[in-house]
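Source file: structure.csv. Holds: CSV, C-alpha atoms.
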```
chain,number,residue,atom,x,y,z
A,600,MET,CA,-9.9,25.5,-8.6
A,601,GLN,CA,-8.4,23.0,-6.1
A,602,SER,CA,-8.6,19.4,-7.2
A,603,ASN,CA,-10.4,16.9,-5.0
A,604,PHE,CA,-7.9,14.2,-6.0
A,605,ARG,CA,-4.4,13.7,-4.7
A,606,GLU,CA,-1.5,11.7,-6.1
A,607,ILE,CA,-0.1,9.0,-3.8
A,608,SER,CA,3.4,7.6,-4.1
A,609,GLN,CA,3.6,3.9,-3.9
A,610,PRO,CA,6.5,1.3,-3.9
A,611,ASN,CA,8.0,0.5,-7.2
A,612,ASP,CA,7.1,3.9,-8.5
A,613,GLU,CA,3.4,3.1,-8.8
A,614,ARG,CA,1.3,6.2,-8.7
A,615,GLN,CA,-2.5,6.2,-8.2
A,616,MET,CA,-5.1,8.9,-7.9
A,617,CYS,CA,-7.5,8.7,-5.0
A,618,PRO,CA,-10.1,11.2,-3.7
A,619,ALA,CA,-9.0,13.3,-0.7
A,620,GLY,CA,-9.6,11.4,2.5
A,621,LYS,CA,-9.0,8.0,0.8
A,622,TYR,CA,-5.8,5.9,0.2
A,623,TRP,CA,-4.7,3.4,-2.4
A,624,VAL,CA,-4.8,-0.3,-1.7
A,625,LYS,CA,-2.6,-2.1,-4.2
A,626,PRO,CA,-3.8,-5.3,-6.1
A,627,HIS,CA,-3.4,-8.4,-4.0
A,628,THR,CA,-4.9,-11.9,-3.4
A,629,ARG,CA,-6.7,-13.1,-0.4
A,630,LYS,CA,-8.2,-16.4,0.8
A,631,LYS,CA,-12.0,-16.7,0.8
A,632,VAL,CA,-14.6,-19.3,1.7
A,633,THR,CA,-17.9,-19.8,-0.1
A,634,LYS,CA,-21.2,-20.3,1.8
A,635,ALA,CA,-20.7,-24.0,1.0
A,636,GLY,CA,-17.4,-24.0,2.8
A,637,LYS,CA,-15.2,-24.3,-0.3
A,638,LYS,CA,-12.0,-22.3,-0.1
A,639,TYR,CA,-10.7,-20.3,-3.0
A,640,ILE,CA,-8.3,-17.5,-3.8
A,641,GLU,CA,-9.8,-14.1,-4.8
A,642,ASN,CA,-7.8,-11.7,-6.9
A,643,VAL,CA,-8.5,-8.2,-5.6
A,644,LYS,CA,-7.9,-5.2,-8.0
A,645,GLY,CA,-6.3,-2.1,-6.6
A,646,TYR,CA,-8.8,0.4,-5.2
A,647,CYS,CA,-9.3,3.6,-3.2
A,648,CYS,CA,-10.3,2.9,0.4
A,649,CYS,CA,-11.7,5.1,3.1
A,650,TYR,CA,-9.7,5.6,6.3
A,651,HIS,CA,-11.2,3.3,9.0
A,652,ASN,CA,-8.9,4.2,11.9
A,653,LEU,CA,-6.1,6.4,13.1
A,654,PHE,CA,-3.4,4.1,11.8
A,655,ASP,CA,-4.8,4.3,8.2
A,656,GLN,CA,-4.7,8.1,8.5
A,657,MET,CA,-1.0,7.8,9.3
A,658,VAL,CA,-0.4,6.6,5.8
A,659,GLU,CA,-1.1,10.1,4.6
A,660,ILE,CA,0.6,11.8,7.5
A,661,GLU,CA,3.8,9.8,7.1
A,662,LYS,CA,3.6,9.8,3.3
A,663,ILE,CA,4.4,6.1,3.2
A,664,SER,CA,2.5,3.0,1.9
A,665,SER,CA,0.2,1.1,4.2
A,666,GLU,CA,2.6,-1.9,4.1
A,667,HIS,CA,5.4,0.3,5.2
A,668,LEU,CA,3.4,1.8,8.0
A,669,TYR,CA,2.1,-1.4,9.5
A,670,PHE,CA,5.5,-3.1,9.4
A,671,SER,CA,7.2,0.0,11.0
A,672,LEU,CA,4.5,0.4,13.6
A,673,THR,CA,4.8,-3.2,14.7
A,674,LEU,CA,8.6,-2.9,14.9
A,675,TYR,CA,8.2,0.3,16.9
A,676,GLY,CA,5.7,-1.3,19.3
A,677,GLU,CA,7.7,-4.4,19.8
A,678,ALA,CA,11.3,-3.2,19.9
A,679,ARG,CA,11.6,0.6,19.7
A,680,SER,CA,13.8,0.8,22.9
A,681,GLU,CA,15.9,-2.2,21.9
A,682,ASN,CA,19.4,-2.1,20.3
A,683,GLU,CA,20.0,-2.3,16.6
A,684,ALA,CA,20.5,-6.1,16.5
A,685,SER,CA,17.2,-6.7,18.3
A,686,LYS,CA,15.3,-4.3,16.0
A,687,ARG,CA,16.7,-6.1,12.9
A,688,ALA,CA,15.8,-9.5,14.3
A,689,ILE,CA,12.2,-8.6,14.9
A,690,ALA,CA,12.1,-7.0,11.5
A,691,TRP,CA,13.2,-10.3,9.9
A,692,ILE,CA,10.6,-12.1,11.9
A,693,ILE,CA,7.9,-10.0,10.3
A,694,ARG,CA,9.4,-10.5,6.8
A,695,ASN,CA,9.7,-14.3,7.4
A,696,ARG,CA,6.0,-14.4,8.2
A,697,LEU,CA,5.2,-12.7,4.8
A,698,THR,CA,7.5,-15.2,3.0
A,699,LYS,CA,5.7,-18.2,4.6
A,700,LYS,CA,2.3,-16.9,3.6
A,701,ARG,CA,0.7,-18.7,6.5
A,702,TRP,CA,-0.4,-15.5,8.2
A,703,GLY,CA,-1.4,-13.6,5.0
A,704,ASP,CA,-0.1,-11.9,1.9
A,705,LEU,CA,0.1,-8.4,3.3
A,706,TYR,CA,2.1,-7.0,6.3
A,707,ARG,CA,-1.0,-5.4,7.6
A,708,THR,CA,-2.9,-8.7,7.6
A,709,ILE,CA,0.1,-10.5,9.2
A,710,VAL,CA,0.7,-8.1,12.1
A,711,LEU,CA,-3.0,-7.7,13.0
A,712,LYS,CA,-3.6,-11.4,13.3
A,713,PRO,CA,-5.1,-12.0,16.8
A,714,ALA,CA,-2.7,-13.2,19.5
A,715,GLN,CA,0.4,-12.7,17.4
A,716,PHE,CA,2.1,-9.3,18.0
A,717,ALA,CA,1.3,-8.1,21.6
A,718,CYS,CA,1.7,-4.5,20.7
A,719,TRP,CA,-1.5,-4.6,18.7
A,720,ARG,CA,-3.6,-5.6,21.7
A,721,LYS,CA,-5.5,-2.5,22.8
A,722,THR,CA,-4.8,-3.4,26.4
A,723,ASP,CA,-1.0,-3.4,25.8
A,724,PRO,CA,0.8,-0.2,26.9
A,725,ASN,CA,2.6,-0.1,23.6
A,726,TYR,CA,-0.6,0.2,21.7
A,727,LYS,CA,-1.1,3.8,23.0
A,728,LYS,CA,2.5,4.7,22.1
A,729,MET,CA,1.9,3.5,18.6
A,730,GLN,CA,-0.8,6.1,18.1
A,731,THR,CA,1.8,8.9,18.2
A,732,PRO,CA,5.1,7.3,17.1
A,733,GLY,CA,8.2,9.5,17.5
A,734,ARG,CA,6.2,12.2,19.1
A,735,ASP,CA,6.7,11.9,22.8
A,736,GLY,CA,9.0,14.9,22.8
A,737,SER,CA,12.3,13.0,23.2
A,738,THR,CA,15.0,12.7,20.6
A,739,ALA,CA,15.3,9.0,21.4
A,740,ASP,CA,11.7,8.3,20.5
A,741,LYS,CA,11.9,10.4,17.3
A,742,ASN,CA,15.1,8.5,16.2
A,743,ALA,CA,13.5,5.2,17.1
A,744,TRP,CA,10.5,5.8,14.9
A,745,GLN,CA,12.7,7.0,12.0
A,746,ARG,CA,14.9,3.9,12.4
A,747,CYS,CA,11.9,1.6,12.3
A,748,LYS,CA,10.8,3.1,9.0
A,749,GLU,CA,14.2,2.8,7.6
A,750,LEU,CA,14.5,-0.9,8.6
A,751,TYR,CA,11.3,-1.6,6.6
A,752,GLU,CA,13.1,-0.6,3.4
A,753,GLU,CA,16.4,-2.3,4.4
A,754,ILE,CA,14.9,-5.6,5.3
A,755,GLN,CA,12.3,-5.6,2.5
A,756,ASN,CA,14.9,-5.1,-0.1
A,757,ALA,CA,17.6,-7.3,1.5
A,758,PRO,CA,18.6,-10.7,-0.2
A,759,GLU,CA,17.6,-13.8,1.7
A,760,THR,CA,21.3,-14.6,2.2
A,761,GLU,CA,21.4,-11.7,4.8
A,762,ASN,CA,18.6,-13.3,6.9
A,763,PRO,CA,20.1,-14.2,10.3
A,764,ILE,CA,17.1,-16.3,11.2
A,765,PRO,CA,15.7,-18.0,8.0
A,766,GLY,CA,12.4,-19.6,8.5
A,767,VAL,CA,12.0,-18.3,12.1
A,768,CYS,CA,8.6,-16.7,12.7
A,769,HIS,CA,8.3,-16.9,16.5
A,770,TYR,CA,9.9,-15.1,19.4
A,771,PHE,CA,9.1,-14.1,23.0
A,772,SER,CA,10.7,-12.2,25.9
A,773,GLY,CA,11.2,-13.3,29.5
A,774,PRO,CA,11.4,-16.9,30.7
A,775,PRO,CA,9.6,-19.6,28.8
A,776,ASN,CA,5.9,-19.8,29.7
A,777,PRO,CA,4.9,-23.3,31.0
A,778,LYS,CA,1.6,-22.8,29.2
A,779,HIS,CA,3.5,-22.5,25.9
A,780,PRO,CA,5.5,-25.8,25.4
A,781,TRP,CA,6.9,-24.5,22.2
A,782,GLU,CA,8.9,-21.8,24.0
A,783,LYS,CA,11.1,-24.5,25.5
A,784,LYS,CA,12.7,-24.9,22.1
A,785,TYR,CA,14.1,-21.4,22.0
A,786,PHE,CA,17.5,-20.2,21.0
A,787,ASP,CA,19.2,-16.8,21.4
A,788,LEU,CA,21.1,-14.5,19.1
A,789,PRO,CA,24.3,-12.6,19.8
A,790,ASP,CA,23.7,-9.0,21.0
A,791,VAL,CA,19.9,-9.6,21.4
A,792,PRO,CA,19.5,-9.6,25.1
A,793,ARG,CA,15.7,-9.6,25.7
A,794,PHE,CA,14.2,-11.7,22.9
A,795,HIS,CA,14.3,-15.5,22.5
A,796,PHE,CA,13.6,-17.2,19.1
A,797,VAL,CA,11.9,-20.4,18.2
A,798,LYS,CA,11.8,-22.2,14.8
A,799,LEU,CA,8.7,-24.3,14.6
A,800,ASP,CA,8.3,-27.1,12.0
A,801,LYS,CA,4.9,-25.9,10.8
```

Encoding of this model in structure tokens:
Amino acid sequence: MQSNFREISQPNDERQMCPAGKYWVKPHTRKKVTKAGKKYIENVKGYCCCYHNLFDQMVEIEKISSEHLYFSLTLYGEARSENEASKRAIAWIIRNRLTKKRWGDLYRTIVLKPAQFACWRKTDPNYKKMQTPGRDGSTADKNAWQRCKELYEEIQNAPETENPIPGVCHYFSGPPNPKHPWEKKYFDLPDVPRFHFVKLDK
């Protein structure tokens, strides 16, 4: 008889059993607020979660962790057609945000924060592309998606000494927007033609 459970590979050789149609969420902490307005840290045990959207289903399709997927999808949405130096720079931006903890303790939480990564806006043309990464029929797109997945592992496991933009968590493309005064403080990186970077004090 076929089992209703499947084994899911996780980072650091963790292995969990979840019912078919569900995926494993590893233990983590998250900020909460009581009804009285008091902030506290909640320790969340690992659990099996139902798929809520297409992107969660990709975890099973791609056979990678949720953290791996959301990191890679963001990199794909923001820089899939850019050169290697540009992809790596944006990958480090994502990791820097996790290191600072200001945006959350999980990559998924970080990249889905409103008004942060444009590719996650449903009105952004990249959002539709992210629903079928690497599957537009071209070799270039297939290779771009594969490279984005590889960069998650490379950047995630890289020592901080290899970080070309330590502490930098913001970037933009095009000329500085007058409505965003912080963009005037930008600097550029060699071999990164389209993106500008900003290191804010906070």

Check: Nearest to Val624 (chain A): which of A:Ile764, A:Leu697, A:Ala717, A:Leu705 is it, counting all atoms listed in the file?
Finding: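 Nearest to Val624 (chain A): A:Leu705.
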
Checklist line | Residue neighbourhood Tyr646 (chain A), 8 Å, all atoms listed in the file, exclusion window fewer than 5 positions, as a PyMOL selection string | finding: chain A and resi 623-626

Notebook entry, point to check: Restricting the calculation to all atoms listed in the file, which member of A:Thr738, A:Arg746, A:Glu759, A:Thr731 is positioned closest to Leu653 (chain A)?
Noted result: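 Going through A:Thr738, A:Arg746, A:Glu759, A:Thr731 one by one, the smallest distance to Leu653 (chain A) is for A:Thr731.
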
What's the 10 Å shell around Arg793 (chain A), counting all atoms listed in the file, without same-chain residues fewer than 3 positions away, as an mmCIF file with C-alpha atoms, in the frame of the given file?
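Output contents, as saved in around17.cif:
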```
data_model
loop_
_atom_site.group_PDB
_atom_site.id
_atom_site.type_symbol
_atom_site.label_atom_id
_atom_site.label_comp_id
_atom_site.auth_asym_id
_atom_site.auth_seq_id
_atom_site.Cartn_x
_atom_site.Cartn_y
_atom_site.Cartn_z
ATOM 1 C CA ALA A 678 11.300 -3.200 19.900
ATOM 2 C CA GLU A 681 15.900 -2.200 21.900
ATOM 3 C CA ASN A 682 19.400 -2.100 20.300
ATOM 4 C CA SER A 685 17.200 -6.700 18.300
ATOM 5 C CA PHE A 771 9.100 -14.100 23.000
ATOM 6 C CA SER A 772 10.700 -12.200 25.900
ATOM 7 C CA GLY A 773 11.200 -13.300 29.500
ATOM 8 C CA PRO A 774 11.400 -16.900 30.700
ATOM 9 C CA ASP A 787 19.200 -16.800 21.400
ATOM 10 C CA LEU A 788 21.100 -14.500 19.100
ATOM 11 C CA ASP A 790 23.700 -9.000 21.000
#
```

Using all atoms listed in the file, what residues lie at most 12 Å away from (-4.5, -5.3, 7.3) (file coordinates), given as a JSON list (two decimals) with C-alpha atoms, keeping the file's coordinate frame?
```json
[["chain", "number", "residue", "atom", "x", "y", "z"],
["A", 624, "VAL", "CA", -4.80, -0.30, -1.70],
["A", 627, "HIS", "CA", -3.40, -8.40, -4.00],
["A", 629, "ARG", "CA", -6.70, -13.10, -0.40],
["A", 651, "HIS", "CA", -11.20, 3.30, 9.00],
["A", 652, "ASN", "CA", -8.90, 4.20, 11.90],
["A", 654, "PHE", "CA", -3.40, 4.10, 11.80],
["A", 655, "ASP", "CA", -4.80, 4.30, 8.20],
["A", 665, "SER", "CA", 0.20, 1.10, 4.20],
["A", 666, "GLU", "CA", 2.60, -1.90, 4.10],
["A", 667, "HIS", "CA", 5.40, 0.30, 5.20],
["A", 668, "LEU", "CA", 3.40, 1.80, 8.00],
["A", 669, "TYR", "CA", 2.10, -1.40, 9.50],
["A", 670, "PHE", "CA", 5.50, -3.10, 9.40],
["A", 702, "TRP", "CA", -0.40, -15.50, 8.20],
["A", 703, "GLY", "CA", -1.40, -13.60, 5.00],
["A", 704, "ASP", "CA", -0.10, -11.90, 1.90],
["A", 705, "LEU", "CA", 0.10, -8.40, 3.30],
["A", 706, "TYR", "CA", 2.10, -7.00, 6.30],
["A", 707, "ARG", "CA", -1.00, -5.40, 7.60],
["A", 708, "THR", "CA", -2.90, -8.70, 7.60],
["A", 709, "ILE", "CA", 0.10, -10.50, 9.20],
["A", 710, "VAL", "CA", 0.70, -8.10, 12.10],
["A", 711, "LEU", "CA", -3.00, -7.70, 13.00],
["A", 712, "LYS", "CA", -3.60, -11.40, 13.30],
["A", 713, "PRO", "CA", -5.10, -12.00, 16.80],
["A", 719, "TRP", "CA", -1.50, -4.60, 18.70]]
```

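Going from CA of Asn762 (chain A) over to CA of Glu677 (chain A), you cover 19.1 Å.
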
Check: With all atoms listed in the file as the atoms that count, which of A:Val791, A:Val797, A:Val643, A:Cys768 lies nearest to Lys630 (chain A)?
Finding: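 When distances to Lys630 (chain A) are compared using all atoms listed in the file, the smallest one comes from A:Val643.
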
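In this structure, CA of Val767 (chain A) sits 21.7 Å away from CA of Glu749 (chain A).
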
What's around region 739-742 of chain A at 12 Å? Count all atoms listed in the file, leave out sequence neighbours fewer than 3 positions away in its own chain, and write the answer as a JSON list (two decimals) with C-alpha atoms, in the coordinates of the input.
```json
[["chain", "number", "residue", "atom", "x", "y", "z"],
["A", 675, "TYR", "CA", 8.20, 0.30, 16.90],
["A", 676, "GLY", "CA", 5.70, -1.30, 19.30],
["A", 678, "ALA", "CA", 11.30, -3.20, 19.90],
["A", 679, "ARG", "CA", 11.60, 0.60, 19.70],
["A", 680, "SER", "CA", 13.80, 0.80, 22.90],
["A", 681, "GLU", "CA", 15.90, -2.20, 21.90],
["A", 682, "ASN", "CA", 19.40, -2.10, 20.30],
["A", 683, "GLU", "CA", 20.00, -2.30, 16.60],
["A", 728, "LYS", "CA", 2.50, 4.70, 22.10],
["A", 729, "MET", "CA", 1.90, 3.50, 18.60],
["A", 731, "THR", "CA", 1.80, 8.90, 18.20],
["A", 732, "PRO", "CA", 5.10, 7.30, 17.10],
["A", 733, "GLY", "CA", 8.20, 9.50, 17.50],
["A", 734, "ARG", "CA", 6.20, 12.20, 19.10],
["A", 735, "ASP", "CA", 6.70, 11.90, 22.80],
["A", 736, "GLY", "CA", 9.00, 14.90, 22.80],
["A", 745, "GLN", "CA", 12.70, 7.00, 12.00],
["A", 746, "ARG", "CA", 14.90, 3.90, 12.40],
["A", 747, "CYS", "CA", 11.90, 1.60, 12.30],
["A", 748, "LYS", "CA", 10.80, 3.10, 9.00],
["A", 749, "GLU", "CA", 14.20, 2.80, 7.60]]
```

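Using only C-alpha atoms, the shortest contact distance between His769 (chain A) and any of A:Trp744, A:Trp781, A:Phe786, A:Phe796 is found at A:Phe796.
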